[in-house]
Each structure stands twice: as structure tokens, then as C-alpha cells.
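Working notes for the structure below.
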Amino acid sequence: MKEAEYYEKTENKRVRCTLCPNYCIISLDKYGQCQGRKNIDGVLYATNFGECTSIAVDTIEKKPLYHFHPGKLILSVSPNSCNMKCPWCQNAEISQEKFPTRFASPEDMVEIALKNASFGIAYTYTEPLTWYEYIKETGTIAKEKGLKNVLVTNGMINEKPLLEVLPLVDALNIDLKSMNPDVYKRIIKGDLETVLNTIRIAKKHAHIEITNLLIPDLNDSTNDIKMLVDFIKEIGEDIPLHFSRYFPHYKWSTPPTPAETIIKAYNIAKEELMYVYVGNIFMSKISNDTYCPKCNNLLVERSFMSGRVMGIKDRKCSKCSREADIILE
């Protein structure tokens, strides 16, 4: 447990958390919406500091990050908290409910990464930005040891703390759930504009990729998809976009996303963006390999959530010498 960095003290020993736009006002002995920050005697504490629900070694492609060190292994860790309330959450057991945890100090976590041949640490599975203080401490030590720091995040963090943590972050996969602010406000208890701002800022500081979970009758209309693609293109047409297939889980019982919807989204996005991928579904007509946008040379081949560099030499396409939009070092 550690005192939180972003909060204000108010009357009657209540506190106001300022880490994210929920701005939770927390009474004595109560938690904020994320369930990771608690008011103890008028002081806000990150009670989830170092408390892990999961520690595993994954390929970087599972995050998903396709243009960042393809094929490499990364230590993946998570807290027991999230500042959104997605009723379809695939990891609800560890993000929305109380779940047993084990403490790992920042020093220990870095040591685990080094001992497991990991090139970095991915803060993932739940919402890592609710682990803010832990990421800062662990990320600093990781950097000193030559490791990379990766965030797989919903992007809902206020600008000041975001700018403070980004110098430690090498790559982010940001989950852009919808371009409809009502979906964020009414259904998942979040704020769309904050997430869009995070994407704009993060693009200037680190490698980013975007994931969009396509949910029937919620965010899968042609207009929804075009709005999402237009926003990403405005930030950068070279940003990889991952469309992911939804399956019913937790409190959401809508049937799975039809394959036709995935194909529709893919085709719309490919008209405007250089790199589009699909997840949670196998489709013989859609390749998740990466090709050079100039000459169509195969740059990275992917199979079973792992990548193999094929057509890149000296950071460029081996055929036409176009700069490859893939980080290898």
C-alpha cells in the first residue's frame, strides 16, 4: 500500500481522486470506482500497489502489439482494478470483482522479467493506469535495467498524470471502445474525450496501436466504424488498428459478432489506414501478416499469436527500401 499521488483533501476527511475523469469523491474507509484506491483516515492510498492478480509470459502479439518487437516474449502483469465498468469485460473476474492477489515489489517484478528472458514488462489484463504509482516505480527500475514498458490500457487518465508517466512508456495498445460519448458515459462509466486525448498525446511520445472490440448493435454500424477510422487517420494513418470479435461474457448476453461484421470493418479501415488486423477470430480471407504499403513485400509473418520478421533489413523494406513502420530495437 502506498499513498496515492493524485488527489485532494476535502471536508469531513473525504478525498477527491484526480487521476482519471471519474474524479471520485471518497468517504472514509471507502474505495473509488476503480476499487484500487481507498480513503484511510482522510488520506488516499493505492491499496493495490504491487498486488498482482496475474503474472505470465506472453508473446507481444497477444497484447495485441504487432509493430513492436515482433515475436518477442514479455512479462505480463495486472492489478485487481479498473476505472471503467464494461458489462462485457472478458477479464471481469480480475478487473470488476475482488480477486486474490500476491504482492511483488517493483524490484522483484523487474527481477522476474529478467529471469524469464523477457524484453520488458506489459501492464495489462485489467486497467494498468489504476496501478499508477506502481507503474512509475517499477517502470523506472525496468528502464534502468534496459527493459521496455508496455501499457495495454483503456486510456482513461487525466492529462497531467499521463504526461508524467509517458517518459517511462515505450508502447501502448489503447482500447477505443466507441466514438459515441453516450456509450462511454451511460454504459461503461467512462469519458470518451479523455480517451481520445490520451491517444493524441501518446502518439507523440511512444509507439501506439488501437484495439476496437466490435459489439453487435452497440458500435458496429458502418457509421460507427467510419467515425473510428477517420479519427485514427487524423492522428496517423500508420497507426495499426485491431478489430476484435466480441463474445458474450459477464453481464452482456448479445450473441457473438458475426464474421460479416468483422469483414465489413476490415474493408472500411483498409481504405484509409495502412495496417488493419483482426482478432478473436480466424479468417482465411484476411491475413494478419504485415506487408509493405508501398510494394506489398511481406515484412512480418504471423501464426498462432507470434510474429517472425521476414522482409526487413536495416529497419527498411528489403525490397523497396521504404522505412518499415515496425520497431525492432
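Letters A, B, ... mark the chains of the C-alpha cells in the order given; residue numbers begin at 1 per chain; ligand numbers begin at 1, in order shown.
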Considering only C-alpha atoms, return as a JSON list (two decimals) with C-alpha atoms, in the first residue's frame whatever protein or nucleic-acid residues lie within 6 Å of region 6-20 of chain A, sequence-local ones (same chain, fewer than 4 positions apart) excluded.
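Saved result, around09.json, follows:
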```
[["chain", "number", "residue", "atom", "x", "y", "z"],
["A", 24, "CYS", "CA", -14.31, 10.04, -7.33],
["A", 25, "ILE", "CA", -15.19, 11.75, -4.06],
["A", 26, "ILE", "CA", -14.35, 9.08, -1.50],
["A", 27, "SER", "CA", -15.61, 8.97, 2.07],
["A", 42, "GLY", "CA", -8.51, 11.26, 5.17],
["A", 157, "ILE", "CA", -6.39, 9.05, -17.41],
["A", 158, "ASN", "CA", -6.16, 12.81, -16.92]]
```
Worksheet item: Could you pull the residues within 10 Å of Val276 (chain A), counting only C-alpha atoms, minus those fewer than 3 positions along the same chain, as number ranges by chain?
Response: A: 210, 238-243, 265-273, 286-290
Export of the given selection (C-alpha atoms) as a compact mmCIF listing (two decimals), in the first residue's frame:
```
# COMPACT_ATOMS: atom_id res chain seq x y z
CA ILE A 210 -5.53 0.78 -31.24
CA ASP A 238 0.29 4.34 -39.95
CA ILE A 239 -1.27 3.50 -36.56
CA PRO A 240 -2.12 -0.23 -36.50
CA LEU A 241 -5.81 -0.88 -35.84
CA HIS A 242 -7.03 -4.19 -34.41
CA PHE A 243 -10.69 -5.13 -34.74
CA ALA A 265 -14.95 -3.20 -40.60
CA TYR A 266 -11.70 -4.51 -42.05
CA ASN A 267 -12.59 -3.39 -45.56
CA ILE A 268 -13.68 0.09 -44.43
CA ALA A 269 -10.48 0.58 -42.45
CA LYS A 270 -8.18 -0.72 -45.19
CA GLU A 271 -9.44 2.04 -47.47
CA GLU A 272 -7.95 4.66 -45.13
CA LEU A 273 -5.30 3.04 -42.94
CA ILE A 286 -7.96 -11.85 -44.00
CA SER A 287 -4.25 -12.04 -43.25
CA ASN A 288 -2.70 -10.73 -40.05
CA ASP A 289 0.71 -10.61 -41.69
CA THR A 290 2.26 -7.19 -42.25
```
Practice prompt. Find, counting only C-alpha atoms, the residue in A:Val165, A:Cys295, A:Val110, A:Leu213 that gets nearest to Tyr277 (chain A).
Written response: A:Leu213
Worksheet item: Using only C-alpha atoms, which residue out of A:Val169, A:Cys89, A:Met179, A:Met305 lies closest to Lys226 (chain A)?
Response: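 Smallest distance to Lys226 (chain A) is found for A:Met179.
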Worksheet entry | Neighbour list for Val300 (chain A) as a PyMOL selection string, cut-off 12 Å, only C-alpha atoms, skip fewer than 4 positions in-chain | chain A and resi 61+66-71+275+287-292+296+306-313+317-318+324-328
Practice prompt. Please run DSSP on the backbone and report, as a ChimeraX atom specification, all residues within region 60-262 of chain A that come out as strand (DSSP E).
Written response: /A:73-78,102-103,120-123,148-153,171-175,207-214,241-245
Shell of 8 Å around Ala4 (chain A), only C-alpha atoms, local chain residues under 3 positions omitted, as a PDB file with N, CA and C atoms, in the first residue's frame:
```pdb
ATOM      1  N   TYR A   7      -4.628  13.357  -5.740  1.00  0.00           N
ATOM      2  CA  TYR A   7      -5.895  13.509  -5.015  1.00  0.00           C
ATOM      3  C   TYR A   7      -5.876  14.818  -4.242  1.00  0.00           C
ATOM      4  N   ARG A  37      -8.122   2.315  -4.889  1.00  0.00           N
ATOM      5  CA  ARG A  37      -7.692   3.488  -4.131  1.00  0.00           C
ATOM      6  C   ARG A  37      -8.708   3.728  -3.017  1.00  0.00           C
ATOM      7  N   LEU A  44      -5.665   9.342   0.760  1.00  0.00           N
ATOM      8  CA  LEU A  44      -5.967   8.382  -0.293  1.00  0.00           C
ATOM      9  C   LEU A  44      -4.764   7.468  -0.508  1.00  0.00           C
ATOM     10  N   TYR A  45      -5.011   6.185  -0.418  1.00  0.00           N
ATOM     11  CA  TYR A  45      -3.951   5.193  -0.602  1.00  0.00           C
ATOM     12  C   TYR A  45      -4.223   4.319  -1.818  1.00  0.00           C
ATOM     13  N   ALA A  46      -3.144   3.997  -2.556  1.00  0.00           N
ATOM     14  CA  ALA A  46      -3.208   2.999  -3.621  1.00  0.00           C
ATOM     15  C   ALA A  46      -3.044   1.648  -2.938  1.00  0.00           C
ATOM     16  N   GLU A 133       1.044   4.453  -9.390  1.00  0.00           N
ATOM     17  CA  GLU A 133       2.258   4.592  -8.585  1.00  0.00           C
ATOM     18  C   GLU A 133       3.197   3.399  -8.774  1.00  0.00           C
TER      19      GLU A 133
END
```
Worksheet entry | Selection: 9 Å around Asp191 (chain A), only C-alpha atoms, excl. self and same-chain fewer than 2 positions, as number ranges by chain | A: 21-22, 156, 181-182, 184-185, 188-189, 193-195
With a distance cut-off of 8 Å and only C-alpha atoms, select the neighbouring residues of Pro216 (chain A), excluding the residue or stretch itself and same-chain residues fewer than 6 positions from it, and output the selection as a CSV table (one decimal) with C-alpha atoms, in the first residue's frame.
```csv
chain,number,residue,atom,x,y,z
A,254,THR,CA,-25.7,-10.3,-27.0
A,255,PRO,CA,-24.6,-13.1,-29.5
A,256,PRO,CA,-21.0,-13.0,-30.8
A,257,THR,CA,-20.1,-10.6,-33.5
```
Practice prompt. Find the residues near Ala259 (chain A): any atom within 12 Å, counting only C-alpha atoms, skip ones fewer than 6 places away on the same chain, and give them as a list in words.
Written response: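 With the cut-off at 12 Å, the set is Leu214, Ile215, Pro216, Asp220, Phe243, Ser244, Arg245, Tyr246, Phe247, Ala265, Tyr266, Val278, Gly279, Asn280, Ile281, Phe282, Met283, Ser284, Lys285 and Ile286 of chain A.
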Print the selection's residues with N, CA and C atoms to a file, as an mmCIF file, in the first residue's frame.
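again-v1.cif, freshly written:
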```
data_model
loop_
_atom_site.group_PDB
_atom_site.id
_atom_site.type_symbol
_atom_site.label_atom_id
_atom_site.label_comp_id
_atom_site.auth_asym_id
_atom_site.auth_seq_id
_atom_site.Cartn_x
_atom_site.Cartn_y
_atom_site.Cartn_z
ATOM 1 N N LEU A 214 -15.669 -5.035 -31.527
ATOM 2 C CA LEU A 214 -16.914 -4.802 -32.260
ATOM 3 C C LEU A 214 -18.062 -5.569 -31.603
ATOM 4 N N ILE A 215 -19.028 -4.828 -31.079
ATOM 5 C CA ILE A 215 -20.142 -5.421 -30.356
ATOM 6 C C ILE A 215 -21.436 -5.171 -31.134
ATOM 7 N N PRO A 216 -22.166 -6.234 -31.472
ATOM 8 C CA PRO A 216 -23.390 -6.060 -32.266
ATOM 9 C C PRO A 216 -24.379 -5.076 -31.653
ATOM 10 N N ASP A 220 -21.088 -1.261 -34.031
ATOM 11 C CA ASP A 220 -20.692 -1.967 -35.242
ATOM 12 C C ASP A 220 -21.373 -1.487 -36.517
ATOM 13 N N PHE A 243 -9.280 -4.855 -35.018
ATOM 14 C CA PHE A 243 -10.690 -5.127 -34.736
ATOM 15 C C PHE A 243 -10.776 -6.485 -34.051
ATOM 16 N N SER A 244 -11.474 -6.521 -32.922
ATOM 17 C CA SER A 244 -11.564 -7.759 -32.159
ATOM 18 C C SER A 244 -13.007 -8.229 -32.089
ATOM 19 N N ARG A 245 -13.196 -9.533 -32.190
ATOM 20 C CA ARG A 245 -14.542 -10.106 -32.146
ATOM 21 C C ARG A 245 -15.015 -10.248 -30.702
ATOM 22 N N TYR A 246 -16.218 -9.757 -30.450
ATOM 23 C CA TYR A 246 -16.843 -9.857 -29.129
ATOM 24 C C TYR A 246 -17.498 -11.237 -28.942
ATOM 25 N N PHE A 247 -17.413 -11.752 -27.699
ATOM 26 C CA PHE A 247 -18.173 -12.929 -27.277
ATOM 27 C C PHE A 247 -18.918 -12.582 -25.988
ATOM 28 N N ALA A 265 -15.819 -4.154 -41.294
ATOM 29 C CA ALA A 265 -14.952 -3.201 -40.597
ATOM 30 C C ALA A 265 -13.553 -3.203 -41.197
ATOM 31 N N TYR A 266 -13.037 -4.388 -41.469
ATOM 32 C CA TYR A 266 -11.700 -4.511 -42.052
ATOM 33 C C TYR A 266 -11.626 -3.783 -43.395
ATOM 34 N N VAL A 278 -7.280 -8.316 -37.457
ATOM 35 C CA VAL A 278 -8.476 -8.812 -36.769
ATOM 36 C C VAL A 278 -8.061 -9.809 -35.686
ATOM 37 N N GLY A 279 -8.866 -9.868 -34.612
ATOM 38 C CA GLY A 279 -8.547 -10.756 -33.509
ATOM 39 C C GLY A 279 -9.764 -11.491 -32.994
ATOM 40 N N ASN A 280 -9.528 -12.538 -32.216
ATOM 41 C CA ASN A 280 -10.584 -13.390 -31.644
ATOM 42 C C ASN A 280 -11.366 -14.148 -32.710
ATOM 43 N N ILE A 281 -10.801 -14.256 -33.875
ATOM 44 C CA ILE A 281 -11.476 -14.975 -34.961
ATOM 45 C C ILE A 281 -10.438 -15.371 -36.005
ATOM 46 N N PHE A 282 -10.588 -16.557 -36.584
ATOM 47 C CA PHE A 282 -9.723 -16.964 -37.700
ATOM 48 C C PHE A 282 -10.488 -16.758 -39.002
ATOM 49 N N MET A 283 -9.860 -16.040 -39.931
ATOM 50 C CA MET A 283 -10.498 -15.764 -41.213
ATOM 51 C C MET A 283 -9.491 -16.013 -42.324
ATOM 52 N N SER A 284 -9.771 -16.998 -43.143
ATOM 53 C CA SER A 284 -8.837 -17.374 -44.202
ATOM 54 C C SER A 284 -8.656 -16.264 -45.235
ATOM 55 N N LYS A 285 -9.668 -15.390 -45.358
ATOM 56 C CA LYS A 285 -9.597 -14.333 -46.366
ATOM 57 C C LYS A 285 -8.913 -13.060 -45.863
ATOM 58 N N ILE A 286 -8.621 -13.025 -44.571
ATOM 59 C CA ILE A 286 -7.955 -11.853 -44.003
ATOM 60 C C ILE A 286 -6.651 -12.285 -43.347
#
```
Worksheet item: Do you have the CA of Phe103 (chain A)-CA of Leu162 (chain A) distance handy?
Response: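 Interatomic distance, CA of Phe103 (chain A) to CA of Leu162 (chain A): 24.7 Å.
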Worksheet item: Which parts of region 19-139 of chain A does DSSP call alpha helix (DSSP H) when run on the backbone here, written out as a list in words?
Response: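 Answer for region 19-139 of chain A restricted to alpha helix (DSSP H) is Ala92, Glu93, Ile94, Ser95, Pro106, Glu107, Asp108, Met109, Val110, Glu111, Ile112, Ala113, Leu114, Lys115, Tyr132, Glu133, Tyr134, Ile135, Lys136, Glu137, Thr138 and Gly139 of chain A.
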Written selection (N, CA and C atoms) as a PDB file, in the first residue's frame:
```pdb
ATOM      1  N   ALA A  92     -13.471  -9.890 -16.333  1.00  0.00           N
ATOM      2  CA  ALA A  92     -14.249  -9.326 -15.226  1.00  0.00           C
ATOM      3  C   ALA A  92     -13.869  -9.920 -13.873  1.00  0.00           C
ATOM      4  N   GLU A  93     -13.472 -11.183 -13.863  1.00  0.00           N
ATOM      5  CA  GLU A  93     -13.141 -11.831 -12.598  1.00  0.00           C
ATOM      6  C   GLU A  93     -11.992 -11.136 -11.875  1.00  0.00           C
ATOM      7  N   ILE A  94     -11.066 -10.562 -12.648  1.00  0.00           N
ATOM      8  CA  ILE A  94      -9.916  -9.904 -12.022  1.00  0.00           C
ATOM      9  C   ILE A  94      -9.965  -8.387 -12.116  1.00  0.00           C
ATOM     10  N   SER A  95     -10.918  -7.850 -12.899  1.00  0.00           N
ATOM     11  CA  SER A  95     -10.993  -6.391 -13.029  1.00  0.00           C
ATOM     12  C   SER A  95     -12.192  -5.784 -12.314  1.00  0.00           C
ATOM     13  N   PRO A 106       8.410  -3.578  -6.803  1.00  0.00           N
ATOM     14  CA  PRO A 106       8.953  -3.168  -8.108  1.00  0.00           C
ATOM     15  C   PRO A 106      10.277  -3.867  -8.437  1.00  0.00           C
ATOM     16  N   GLU A 107      11.140  -3.989  -7.434  1.00  0.00           N
ATOM     17  CA  GLU A 107      12.428  -4.656  -7.652  1.00  0.00           C
ATOM     18  C   GLU A 107      12.230  -6.123  -8.027  1.00  0.00           C
ATOM     19  N   ASP A 108      11.310  -6.782  -7.307  1.00  0.00           N
ATOM     20  CA  ASP A 108      11.051  -8.197  -7.588  1.00  0.00           C
ATOM     21  C   ASP A 108      10.466  -8.388  -8.984  1.00  0.00           C
ATOM     22  N   MET A 109       9.575  -7.494  -9.388  1.00  0.00           N
ATOM     23  CA  MET A 109       8.947  -7.635 -10.699  1.00  0.00           C
ATOM     24  C   MET A 109       9.964  -7.512 -11.820  1.00  0.00           C
ATOM     25  N   VAL A 110      10.869  -6.576 -11.681  1.00  0.00           N
ATOM     26  CA  VAL A 110      11.915  -6.425 -12.686  1.00  0.00           C
ATOM     27  C   VAL A 110      12.808  -7.659 -12.714  1.00  0.00           C
ATOM     28  N   GLU A 111      13.110  -8.196 -11.548  1.00  0.00           N
ATOM     29  CA  GLU A 111      13.939  -9.399 -11.473  1.00  0.00           C
ATOM     30  C   GLU A 111      13.244 -10.586 -12.144  1.00  0.00           C
ATOM     31  N   ILE A 112      11.939 -10.694 -11.952  1.00  0.00           N
ATOM     32  CA  ILE A 112      11.170 -11.771 -12.602  1.00  0.00           C
ATOM     33  C   ILE A 112      11.257 -11.645 -14.118  1.00  0.00           C
ATOM     34  N   ALA A 113      11.140 -10.410 -14.605  1.00  0.00           N
ATOM     35  CA  ALA A 113      11.233 -10.188 -16.056  1.00  0.00           C
ATOM     36  C   ALA A 113      12.596 -10.601 -16.584  1.00  0.00           C
ATOM     37  N   LEU A 114      13.645 -10.222 -15.887  1.00  0.00           N
ATOM     38  CA  LEU A 114      14.998 -10.538 -16.328  1.00  0.00           C
ATOM     39  C   LEU A 114      15.261 -12.040 -16.302  1.00  0.00           C
ATOM     40  N   LYS A 115      14.732 -12.721 -15.312  1.00  0.00           N
ATOM     41  CA  LYS A 115      14.964 -14.164 -15.187  1.00  0.00           C
ATOM     42  C   LYS A 115      14.173 -14.978 -16.209  1.00  0.00           C
ATOM     43  N   TYR A 132      -1.079   3.264 -11.006  1.00  0.00           N
ATOM     44  CA  TYR A 132      -0.232   4.366 -11.453  1.00  0.00           C
ATOM     45  C   TYR A 132       1.106   4.437 -10.702  1.00  0.00           C
ATOM     46  N   GLU A 133       1.044   4.453  -9.390  1.00  0.00           N
ATOM     47  CA  GLU A 133       2.258   4.592  -8.585  1.00  0.00           C
ATOM     48  C   GLU A 133       3.197   3.399  -8.774  1.00  0.00           C
ATOM     49  N   TYR A 134       2.613   2.227  -8.916  1.00  0.00           N
ATOM     50  CA  TYR A 134       3.416   1.019  -9.103  1.00  0.00           C
ATOM     51  C   TYR A 134       4.107   1.027 -10.464  1.00  0.00           C
ATOM     52  N   ILE A 135       3.390   1.472 -11.485  1.00  0.00           N
ATOM     53  CA  ILE A 135       3.991   1.551 -12.819  1.00  0.00           C
ATOM     54  C   ILE A 135       5.159   2.528 -12.824  1.00  0.00           C
ATOM     55  N   LYS A 136       5.008   3.646 -12.153  1.00  0.00           N
ATOM     56  CA  LYS A 136       6.089   4.631 -12.117  1.00  0.00           C
ATOM     57  C   LYS A 136       7.334   4.054 -11.452  1.00  0.00           C
ATOM     58  N   GLU A 137       7.159   3.389 -10.324  1.00  0.00           N
ATOM     59  CA  GLU A 137       8.324   2.846  -9.617  1.00  0.00           C
ATOM     60  C   GLU A 137       8.924   1.661 -10.371  1.00  0.00           C
ATOM     61  N   THR A 138       8.081   0.746 -10.779  1.00  0.00           N
ATOM     62  CA  THR A 138       8.575  -0.429 -11.489  1.00  0.00           C
ATOM     63  C   THR A 138       9.149  -0.033 -12.842  1.00  0.00           C
ATOM     64  N   GLY A 139       8.443   0.857 -13.544  1.00  0.00           N
ATOM     65  CA  GLY A 139       8.893   1.284 -14.860  1.00  0.00           C
ATOM     66  C   GLY A 139      10.243   1.982 -14.823  1.00  0.00           C
TER      67      GLY A 139
END
```
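Nearest residue to Lys143 (chain A) among A:Leu168, A:Pro128, A:Lys2, A:Gly155 is A:Leu168, counting only C-alpha atoms.
Among the candidates A:Ile262, A:Leu218, A:Ile74, A:Ile208, the residue lying nearest to Lys148 (chain A) is A:Ile74 (atoms considered: only C-alpha atoms).
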